[in-house]
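Below is protein.cif, holding mmCIF, C-alpha atoms.
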data_structure
loop_
_atom_site.group_PDB
_atom_site.id
_atom_site.type_symbol
_atom_site.label_atom_id
_atom_site.label_comp_id
_atom_site.auth_asym_id
_atom_site.auth_seq_id
_atom_site.Cartn_x
_atom_site.Cartn_y
_atom_site.Cartn_z
ATOM 1 C CA MET D 1 -31.457 -25.053 -11.272
ATOM 2 C CA THR D 2 -30.692 -22.553 -8.526
ATOM 3 C CA HIS D 3 -31.523 -18.963 -9.401
ATOM 4 C CA ILE D 4 -29.024 -16.517 -7.947
ATOM 5 C CA VAL D 5 -29.462 -12.758 -7.995
ATOM 6 C CA VAL D 6 -26.334 -10.653 -7.614
ATOM 7 C CA ILE D 7 -26.919 -7.078 -6.490
ATOM 8 C CA GLY D 8 -24.105 -4.834 -7.679
ATOM 9 C CA GLY D 9 -22.148 -5.099 -10.935
ATOM 10 C CA GLY D 10 -18.728 -4.032 -9.674
ATOM 11 C CA PRO D 11 -15.625 -6.195 -9.329
ATOM 12 C CA ALA D 12 -17.177 -8.158 -6.441
ATOM 13 C CA GLY D 13 -20.557 -8.587 -8.131
ATOM 14 C CA TYR D 14 -19.432 -9.588 -11.618
ATOM 15 C CA ILE D 15 -16.896 -12.083 -10.295
ATOM 16 C CA ALA D 16 -19.660 -13.607 -8.139
ATOM 17 C CA ALA D 17 -22.008 -13.694 -11.150
ATOM 18 C CA ILE D 18 -19.396 -15.358 -13.389
ATOM 19 C CA ALA D 19 -18.521 -17.914 -10.685
ATOM 20 C CA ALA D 20 -22.215 -18.680 -10.136
ATOM 21 C CA ILE D 21 -22.924 -19.213 -13.822
ATOM 22 C CA GLN D 22 -19.808 -21.383 -14.224
ATOM 23 C CA ASN D 23 -21.180 -23.544 -11.430
ATOM 24 C CA GLY D 24 -24.418 -24.101 -13.288
ATOM 25 C CA SER D 25 -26.763 -21.584 -11.668
ATOM 26 C CA GLN D 26 -29.159 -19.224 -13.340
ATOM 27 C CA VAL D 27 -27.858 -15.727 -12.704
ATOM 28 C CA THR D 28 -29.448 -12.297 -12.736
ATOM 29 C CA LEU D 29 -27.207 -9.330 -12.045
ATOM 30 C CA VAL D 30 -28.719 -6.029 -10.938
ATOM 31 C CA GLU D 31 -26.710 -2.837 -11.386
ATOM 32 C CA GLU D 32 -27.940 0.691 -10.808
ATOM 33 C CA LYS D 33 -25.324 2.806 -12.619
ATOM 34 C CA TYR D 34 -22.155 1.350 -14.086
ATOM 35 C CA LEU D 35 -21.614 -2.234 -15.122
ATOM 36 C CA GLY D 36 -18.046 -2.973 -14.174
ATOM 37 C CA GLY D 37 -18.189 -0.688 -11.173
ATOM 38 C CA THR D 38 -16.911 2.722 -10.229
ATOM 39 C CA CYS D 39 -13.256 1.743 -10.739
ATOM 40 C CA LEU D 40 -13.700 0.631 -14.333
ATOM 41 C CA ASN D 41 -16.061 3.387 -15.439
ATOM 42 C CA VAL D 42 -15.389 6.631 -13.620
ATOM 43 C CA SER D 43 -12.446 6.174 -11.312
ATOM 44 C CA CYS D 44 -9.169 4.188 -11.483
ATOM 45 C CA ILE D 45 -9.152 3.118 -15.125
ATOM 46 C CA PRO D 46 -10.355 6.357 -16.809
ATOM 47 C CA THR D 47 -7.914 8.398 -14.732
ATOM 48 C CA LYS D 48 -5.057 6.146 -15.870
ATOM 49 C CA ALA D 49 -6.209 6.688 -19.458
ATOM 50 C CA LEU D 50 -6.161 10.461 -18.890
ATOM 51 C CA LEU D 51 -2.718 10.157 -17.343
ATOM 52 C CA GLN D 52 -1.516 8.264 -20.406
ATOM 53 C CA SER D 53 -2.928 11.043 -22.648
ATOM 54 C CA ALA D 54 -1.081 13.654 -20.577
ATOM 55 C CA GLU D 55 2.172 11.677 -20.836
ATOM 56 C CA ILE D 56 1.787 11.483 -24.620
ATOM 57 C CA VAL D 57 1.227 15.272 -24.832
ATOM 58 C CA GLU D 58 4.369 15.778 -22.755
ATOM 59 C CA LYS D 59 6.388 13.423 -24.971
ATOM 60 C CA VAL D 60 5.154 15.095 -28.165
ATOM 61 C CA LYS D 61 6.133 18.505 -26.745
ATOM 62 C CA ASN D 62 9.627 17.177 -26.113
ATOM 63 C CA ALA D 63 9.816 15.239 -29.404
ATOM 64 C CA LEU D 64 12.843 17.212 -30.600
ATOM 65 C CA THR D 65 14.853 15.891 -27.641
ATOM 66 C CA PHE D 66 14.355 12.434 -29.173
ATOM 67 C CA GLY D 67 15.358 13.656 -32.638
ATOM 68 C CA ILE D 68 11.820 13.964 -33.977
ATOM 69 C CA GLU D 69 10.740 17.219 -35.568
ATOM 70 C CA LEU D 70 7.053 18.158 -35.760
ATOM 71 C CA PRO D 71 6.903 20.894 -38.429
ATOM 72 C CA ASP D 72 3.741 22.704 -37.228
ATOM 73 C CA GLY D 73 4.714 22.165 -33.567
ATOM 74 C CA LYS D 74 1.098 22.166 -32.330
ATOM 75 C CA THR D 75 -0.482 19.658 -29.940
ATOM 76 C CA VAL D 76 -4.277 19.566 -30.187
ATOM 77 C CA ILE D 77 -6.355 17.585 -27.733
ATOM 78 C CA ASN D 78 -9.372 15.967 -29.385
ATOM 79 C CA TRP D 79 -11.645 13.804 -27.243
ATOM 80 C CA GLY D 80 -14.032 13.091 -30.151
ATOM 81 C CA GLY D 81 -13.513 11.080 -33.343
ATOM 82 C CA GLU D 82 -11.244 8.037 -33.068
ATOM 83 C CA TYR D 83 -10.828 8.471 -29.314
ATOM 84 C CA ARG D 84 -14.586 8.326 -28.769
ATOM 85 C CA LYS D 85 -14.931 5.266 -31.035
ATOM 86 C CA GLU D 86 -12.253 3.395 -29.062
ATOM 87 C CA LYS D 87 -13.812 4.422 -25.786
ATOM 88 C CA ASP D 88 -17.298 3.302 -26.854
ATOM 89 C CA LYS D 89 -15.872 -0.064 -27.896
ATOM 90 C CA SER D 90 -14.599 -0.680 -24.377
ATOM 91 C CA SER D 91 -17.565 0.879 -22.566
ATOM 92 C CA SER D 92 -19.807 -1.045 -20.202
ATOM 93 C CA SER D 93 -22.602 -1.331 -22.786
ATOM 94 C CA SER D 94 -20.709 -4.217 -24.342
ATOM 95 C CA TRP D 95 -19.584 -5.636 -21.024
ATOM 96 C CA ALA D 96 -22.426 -8.131 -20.702
ATOM 97 C CA GLU D 97 -21.437 -9.619 -24.075
ATOM 98 C CA LEU D 98 -17.807 -9.901 -23.044
ATOM 99 C CA VAL D 99 -18.437 -11.892 -19.902
ATOM 100 C CA THR D 100 -20.859 -14.461 -21.294
ATOM 101 C CA MET T 1 -33.725 -16.637 -19.380
ATOM 102 C CA LYS T 2 -30.954 -18.087 -21.546
ATOM 103 C CA LYS T 3 -28.730 -20.854 -20.309
ATOM 104 C CA ASN T 4 -25.101 -19.906 -19.520
ATOM 105 C CA LYS T 5 -25.850 -16.219 -19.882
ATOM 106 C CA ILE T 6 -25.989 -13.632 -17.172
ATOM 107 C CA THR T 7 -29.190 -11.624 -17.325
ATOM 108 C CA VAL T 8 -28.418 -8.005 -16.547
ATOM 109 C CA LYS T 9 -31.076 -5.709 -15.084
ATOM 110 C CA LYS T 10 -30.513 -2.000 -14.757
ATOM 111 C CA GLY T 11 -31.953 -0.343 -11.691
ATOM 112 C CA SER T 12 -31.738 -0.156 -7.932
ATOM 113 C CA ALA T 13 -32.708 -3.234 -5.958
ATOM 114 C CA SER T 14 -34.620 -3.386 -2.702
ATOM 115 C CA PHE T 15 -35.766 -6.452 -0.822
ATOM 116 C CA LEU T 16 -39.457 -7.301 -0.420
ATOM 117 C CA ASN T 17 -38.690 -10.417 1.588
ATOM 118 C CA SER T 18 -35.836 -12.890 1.859
ATOM 119 C CA HIS T 19 -36.634 -14.450 -1.557
ATOM 120 C CA MET T 20 -37.819 -11.470 -3.559
ATOM 121 C CA ILE T 21 -36.481 -8.119 -4.694
ATOM 122 C CA VAL T 22 -37.943 -5.290 -6.680
ATOM 123 C CA VAL T 23 -35.718 -3.595 -9.252
ATOM 124 C CA GLN T 24 -36.672 -0.012 -9.970
ATOM 125 C CA ASN T 25 -35.415 1.813 -13.030
ATOM 126 C CA GLY T 26 -37.063 5.214 -13.268
ATOM 127 C CA SER T 27 -40.797 4.556 -13.230
ATOM 128 C CA GLU T 28 -40.371 0.913 -14.236
ATOM 129 C CA LYS T 29 -40.514 -1.750 -11.554
ATOM 130 C CA GLU T 30 -39.744 -5.429 -11.854
ATOM 131 C CA THR T 31 -40.058 -8.083 -9.183
ATOM 132 C CA ILE T 32 -37.491 -10.868 -9.204
ATOM 133 C CA GLN T 33 -37.742 -14.052 -7.179
ATOM 134 C CA ALA T 34 -34.609 -16.091 -6.505
ATOM 135 C CA ASP T 35 -33.225 -18.849 -4.318
ATOM 136 C CA LYS T 36 -30.124 -16.968 -3.251
ATOM 137 C CA PHE T 37 -28.993 -13.352 -3.234
ATOM 138 C CA ILE T 38 -25.452 -12.058 -3.259
ATOM 139 C CA ILE T 39 -25.111 -8.491 -2.064
ATOM 140 C CA ALA T 40 -22.063 -6.929 -3.698
ATOM 141 C CA SER T 41 -23.108 -3.306 -3.623
ATOM 142 C CA GLY T 42 -19.911 -1.956 -2.074
ATOM 143 C CA SER T 43 -20.425 1.271 -0.196
ATOM 144 C CA GLU T 44 -24.038 1.591 -1.413
ATOM 145 C CA PRO T 45 -26.052 -0.074 1.353
ATOM 146 C CA VAL T 46 -28.866 -2.532 0.646
ATOM 147 C CA GLN T 47 -31.624 -2.619 3.220
ATOM 148 C CA LEU T 48 -32.639 -6.107 4.365
ATOM 149 C CA PRO T 49 -36.258 -6.451 5.539
ATOM 150 C CA PHE T 50 -35.257 -8.661 8.458
ATOM 151 C CA ALA T 51 -32.297 -6.502 9.548
ATOM 152 C CA PRO T 52 -33.171 -2.805 9.320
ATOM 153 C CA PHE T 53 -30.493 -0.148 9.793
ATOM 154 C CA ASP T 54 -30.980 0.862 13.396
ATOM 155 C CA GLY T 55 -27.730 2.799 13.723
ATOM 156 C CA GLU T 56 -26.711 0.613 16.634
ATOM 157 C CA TRP T 57 -26.458 -3.066 15.631
ATOM 158 C CA VAL T 58 -26.839 -2.697 11.894
ATOM 159 C CA VAL T 59 -25.069 0.337 10.487
ATOM 160 C CA ILE T 60 -24.132 1.552 7.037
ATOM 161 C CA THR T 61 -20.442 2.138 6.300
ATOM 162 C CA LYS T 62 -20.875 5.899 6.666
ATOM 163 C CA GLY T 63 -22.617 5.311 10.004
ATOM 164 C CA MET T 64 -19.661 3.290 11.220
ATOM 165 C CA LYS T 65 -17.566 6.427 11.098
ATOM 166 C CA CYS T 66 -20.078 8.477 13.072
ATOM 167 C CA HIS T 67 -18.579 8.512 16.557
ATOM 168 C CA ASP T 68 -19.415 12.073 17.555
ATOM 169 C CA GLY T 69 -19.515 12.465 21.309
ATOM 170 C CA LYS T 70 -18.386 8.937 22.200
ATOM 171 C CA ILE T 71 -15.888 8.456 25.014
ATOM 172 C CA ALA T 72 -12.783 6.292 24.652
ATOM 173 C CA ILE T 73 -9.979 5.371 26.994
ATOM 174 C CA VAL T 74 -6.684 4.674 25.263
ATOM 175 C CA THR T 75 -4.187 3.119 27.648
ATOM 176 C CA GLY T 76 -0.546 4.093 27.263
ATOM 177 C CA SER T 77 -1.419 7.052 25.058
ATOM 178 C CA GLY T 78 1.000 9.605 26.508
ATOM 179 C CA ARG T 79 3.316 8.895 23.580
ATOM 180 C CA GLY T 80 4.081 6.565 20.684
ATOM 181 C CA ILE T 81 1.484 4.303 19.096
ATOM 182 C CA GLY T 82 -1.063 5.028 21.854
ATOM 183 C CA LYS T 83 -0.828 8.760 21.197
ATOM 184 C CA ALA T 84 -1.279 8.188 17.460
ATOM 185 C CA ILE T 85 -4.383 6.052 18.141
ATOM 186 C CA ALA T 86 -5.789 8.756 20.454
ATOM 187 C CA LEU T 87 -5.266 11.528 17.898
ATOM 188 C CA ARG T 88 -6.766 9.437 15.110
ATOM 189 C CA LEU T 89 -9.889 8.692 17.165
ATOM 190 C CA ALA T 90 -10.159 12.364 18.174
ATOM 191 C CA HIS T 91 -10.181 13.320 14.489
ATOM 192 C CA ASP T 92 -13.195 10.967 14.092
ATOM 193 C CA GLY T 93 -15.106 12.955 16.739
ATOM 194 C CA ILE T 94 -14.372 10.849 19.811
ATOM 195 C CA ASN T 95 -13.551 12.379 23.195
ATOM 196 C CA ILE T 96 -10.458 10.723 24.605
ATOM 197 C CA VAL T 97 -9.245 9.805 28.048
ATOM 198 C CA ILE T 98 -5.461 9.705 27.905
ATOM 199 C CA ASN T 99 -4.137 7.076 30.253
ATOM 200 C CA ASP T 100 -0.440 6.772 30.931
ATOM 201 C CA ILE T 101 1.809 5.942 33.829
ATOM 202 C CA ASN T 102 3.716 9.105 32.907
ATOM 203 C CA GLU T 103 1.324 11.860 33.987
ATOM 204 C CA GLU T 104 3.217 14.666 32.259
ATOM 205 C CA ALA T 105 3.109 12.907 28.876
ATOM 206 C CA ALA T 106 -0.597 12.146 29.382
ATOM 207 C CA GLN T 107 -1.381 15.791 30.063
ATOM 208 C CA GLU T 108 0.539 16.942 27.004
ATOM 209 C CA THR T 109 -1.383 14.551 24.735
ATOM 210 C CA ALA T 110 -4.668 15.647 26.388
ATOM 211 C CA LYS T 111 -3.819 19.277 25.526
ATOM 212 C CA GLU T 112 -3.151 18.275 21.910
ATOM 213 C CA ILE T 113 -6.547 16.550 21.767
ATOM 214 C CA GLU T 114 -8.253 19.634 23.192
ATOM 215 C CA SER T 115 -6.572 21.772 20.538
ATOM 216 C CA ILE T 116 -8.612 19.895 17.897
ATOM 217 C CA ARG T 117 -11.789 20.703 19.853
ATOM 218 C CA ARG T 118 -12.422 17.384 21.542
ATOM 219 C CA LYS T 119 -12.888 16.795 25.239
ATOM 220 C CA SER T 120 -9.946 15.095 26.845
ATOM 221 C CA MET T 121 -8.685 14.229 30.303
ATOM 222 C CA ALA T 122 -5.424 12.745 31.502
ATOM 223 C CA GLU T 123 -5.630 9.801 33.883
ATOM 224 C CA LYS T 124 -2.540 8.421 35.551
ATOM 225 C CA ALA T 125 -3.070 4.733 36.190
ATOM 226 C CA ASP T 126 -0.844 1.674 36.264
ATOM 227 C CA VAL T 127 -2.671 -0.775 33.978
ATOM 228 C CA SER T 128 -0.852 -3.721 35.533
ATOM 229 C CA ASN T 129 -2.742 -2.929 38.724
ATOM 230 C CA ARG T 130 -6.358 -4.088 38.688
ATOM 231 C CA GLU T 131 -7.481 -1.565 41.329
ATOM 232 C CA ASP T 132 -5.928 1.321 39.364
ATOM 233 C CA VAL T 133 -7.832 0.285 36.224
ATOM 234 C CA PHE T 134 -11.185 -0.045 38.042
ATOM 235 C CA SER T 135 -10.665 3.315 39.691
ATOM 236 C CA MET T 136 -9.809 4.954 36.339
ATOM 237 C CA VAL T 137 -12.950 3.572 34.653
ATOM 238 C CA LYS T 138 -15.076 4.756 37.599
ATOM 239 C CA GLN T 139 -13.530 8.237 37.436
ATOM 240 C CA VAL T 140 -14.231 8.446 33.696
ATOM 241 C CA VAL T 141 -17.848 7.349 34.052
ATOM 242 C CA ASP T 142 -18.362 9.739 36.990
ATOM 243 C CA HIS T 143 -16.854 12.708 35.154
ATOM 244 C CA LEU T 144 -17.936 12.104 31.552
ATOM 245 C CA GLY T 145 -21.072 10.029 32.119
ATOM 246 C CA GLN T 146 -20.196 7.036 29.928
ATOM 247 C CA LEU T 147 -17.488 4.847 28.410
ATOM 248 C CA ASP T 148 -18.016 3.571 24.859
ATOM 249 C CA ILE T 149 -14.599 2.365 23.725
ATOM 250 C CA MET T 150 -11.662 0.938 25.633
ATOM 251 C CA ILE T 151 -8.397 0.445 23.766
ATOM 252 C CA SER T 152 -5.821 -1.607 25.638
ATOM 253 C CA ASN T 153 -2.741 -0.302 23.919
ATOM 254 C CA ALA T 154 -0.289 -0.168 26.827
ATOM 255 C CA GLY T 155 2.276 -2.912 26.724
ATOM 256 C CA ARG T 156 5.733 -3.666 27.899
ATOM 257 C CA CYS T 157 8.491 -5.915 26.638
ATOM 258 C CA ARG T 158 11.939 -4.855 27.792
ATOM 259 C CA GLN T 159 13.726 -8.158 28.213
ATOM 260 C CA LEU T 160 12.677 -11.587 27.185
ATOM 261 C CA CYS T 161 15.040 -13.384 29.540
ATOM 262 C CA PHE T 162 13.397 -14.573 32.731
ATOM 263 C CA LEU T 163 16.582 -15.801 34.436
ATOM 264 C CA PRO T 164 16.697 -14.660 38.096
ATOM 265 C CA ARG T 165 19.454 -12.117 37.470
ATOM 266 C CA PHE T 166 17.311 -10.409 34.768
ATOM 267 C CA GLY T 167 14.218 -10.120 36.966
ATOM 268 C CA GLY T 168 13.010 -13.730 36.992
ATOM 269 C CA LEU T 169 9.331 -14.485 37.454
ATOM 270 C CA LYS T 170 8.627 -11.006 38.839
ATOM 271 C CA LEU T 171 9.459 -9.581 35.407
ATOM 272 C CA TYR T 172 7.309 -12.268 33.747
ATOM 273 C CA ASP T 173 4.367 -11.388 36.035
ATOM 274 C CA ARG T 174 4.774 -7.688 35.312
ATOM 275 C CA ILE T 175 4.727 -8.193 31.531
ATOM 276 C CA ILE T 176 1.683 -10.463 31.734
ATOM 277 C CA CYS T 177 -0.144 -8.020 34.057
ATOM 278 C CA PHE T 178 0.545 -5.145 31.659
ATOM 279 C CA ASP T 179 -0.588 -6.928 28.561
#

Can you dump the structure from the file as structure tokens?
Amino acid sequence: MTHIVVIGGGPAGYIAAIAAIQNGSQVTLVEEKYLGGTCLNVSCIPTKALLQSAEIVEKVKNALTFGIELPDGKTVINWGGEYRKEKDKSSSSSWAELVT
Amino acid sequence: MKKNKITVKKGSASFLNSHMIVVQNGSEKETIQADKFIIASGSEPVQLPFAPFDGEWVVITKGMKCHDGKIAIVTGSGRGIGKAIALRLAHDGINIVINDINEEAAQETAKEIESIRRKSMAEKADVSNREDVFSMVKQVVDHLGQLDIMISNAGRCRQLCFLPRFGGLKLYDRIICFD
């Protein structure tokens, strides 16, 4: 069995690793920082998530325009709790399990 | 190593030879031998033992953008696309020779290049004339000492009809000479 080493765990590297393993090779993937790459972990995707949060804040502020009243009228941003749990679920630590 | 499972190693990889890498994670080092390697490290360069970065033939992506002090001729750069190419290269640190058949336009672009602190000179030359081109290149090398990049941007396509009354084969020759 051919042993293939893929250096880099970004969108190029993980696709190569998956293709190699599907074709019957033994695969080792080496990644220095973020499995899934910069885009997934610290760039494109997280910024879109932040953007979505900002849009929700904006909508909640204008809730009355849509006929929804929020009695205390406060919007509190909380990056801990449920948000953190969801984020950890989709973090790169579980990535290796997802792709195999 | 499990079958049908990707083994993931955390750390930075460097090649020992064409069949072996060492993966370093903090103080831990692991040597991995393999039949094939796929380098997918994006903008983070991986040094190959048989092809060291020499800055000339093998460069890293950042090195590719290091053009400080190079000399380029951009033909037909008095205006339009040629001018845009010249300005773009000047922003990357390249000194530009502005060639155009319209000397006034060439000088104006040269002034614009100088205003962003790059060397520039205007050279009037008809690129459809071989002698003119040779003489321009000689002038550039004599004055600036070197020529690193030549961009043949100048082109002409006024009419695509080669019937005698539209210019015939003379027009065809002129277009071909230009391009």

Next item on the list: Give as a count of residues only the residues that the PyMOL selection byres ((chain T) within 10 of (chain D)) matches when applied to the coordinates above.
Entry: 33

Check: So how many Å separate CA of Asn78 in chain D and CA of Val57 in chain D, to one decimal?
Finding: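 Separation between CA of Asn78 in chain D and CA of Val57 in chain D: 11.6 Å.
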
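All residues of protein, DNA or RNA that reach within 12 Å of Ile56 in chain D, judged by only C-alpha atoms and not counting those fewer than 5 positions away in the chain, are Ala49, Leu50, Leu51, Lys61, Asn62, Ala63, Thr75, Val76 and Ile77 of chain D.
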
Kindly save the residues from that selection, with C-alpha atoms included, as a PDB file, in the coordinates of the input.
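Listing of selection37.pdb after writing:
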ATOM      1  CA  ALA D  49      -6.209   6.688 -19.458  1.00  0.00           C
ATOM      2  CA  LEU D  50      -6.161  10.461 -18.890  1.00  0.00           C
ATOM      3  CA  LEU D  51      -2.718  10.157 -17.343  1.00  0.00           C
ATOM      4  CA  LYS D  61       6.133  18.505 -26.745  1.00  0.00           C
ATOM      5  CA  ASN D  62       9.627  17.177 -26.113  1.00  0.00           C
ATOM      6  CA  ALA D  63       9.816  15.239 -29.404  1.00  0.00           C
ATOM      7  CA  THR D  75      -0.482  19.658 -29.940  1.00  0.00           C
ATOM      8  CA  VAL D  76      -4.277  19.566 -30.187  1.00  0.00           C
ATOM      9  CA  ILE D  77      -6.355  17.585 -27.733  1.00  0.00           C
TER      10      ILE D  77
END

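For the set T:Asn153, T:Gln47, T:Val140, T:Asp54, the residue with the smallest atom-to-atom gap to Arg79 in chain T is T:Asn153, counting only C-alpha atoms.
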
Next item on the list: Could you jot down the CA of Gly76 in chain T to CA of Arg156 in chain T separation for me, Å, one decimal place?
Entry: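 According to the coordinates, CA of Gly76 in chain T and CA of Arg156 in chain T are separated by 10.0 Å.
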
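What separates CA of Glu86 in chain D from CA of Gly26 in chain T is a distance of 29.5 Å.
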
Item checked: Residues near Val141 in chain T, cut-off 12 Å, all atoms listed in the file, skip fewer than 5 positions along chain, as a list in words -> Lys70, Ile71, Ala72, Ile73, Val97, Phe134, Ser135, Met136, Gln146, Leu147, Asp148 and Ile149 of chain T

Checklist line | Long-range neighbours of Leu48 in chain T as a ChimeraX atom specification, 8 Å cut-off, only C-alpha atoms, 4 positions minimum in chain | finding: /T:14-15,17-18,52

Would you mind exporting C-alpha atoms of the selected residues as a compact mmCIF listing (two decimals), keeping the file's coordinate frame?
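And here's part_19.txt as it stands now:
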# COMPACT_ATOMS: atom_id res chain seq x y z
CA SER T 14 -34.62 -3.39 -2.70
CA PHE T 15 -35.77 -6.45 -0.82
CA ASN T 17 -38.69 -10.42 1.59
CA SER T 18 -35.84 -12.89 1.86
CA PRO T 52 -33.17 -2.80 9.32

Margin query: If the PyMOL selection byres ((chain T and resi 100-108) around 8) were run on this exact file, what residues would it hold? Put them as a PyMOL selection string.
Written below: chain T and resi 75-79+98-99+109-112+121-126

Note to self: Set the distance at 10 Å and use all atoms listed in the file: which residues neighbour Gly155 in chain T once local chain neighbours fewer than 5 positions away are removed? I'd like the list as a ChimeraX atom specification.
What the structure shows: /T:75-76,82,127-128,175-179

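Restricting the calculation to all atoms listed in the file, the smallest distance between Ser115 in chain T and any of T:Asn95, T:Gln139, T:Ser152, T:Ser43 is found for T:Asn95.
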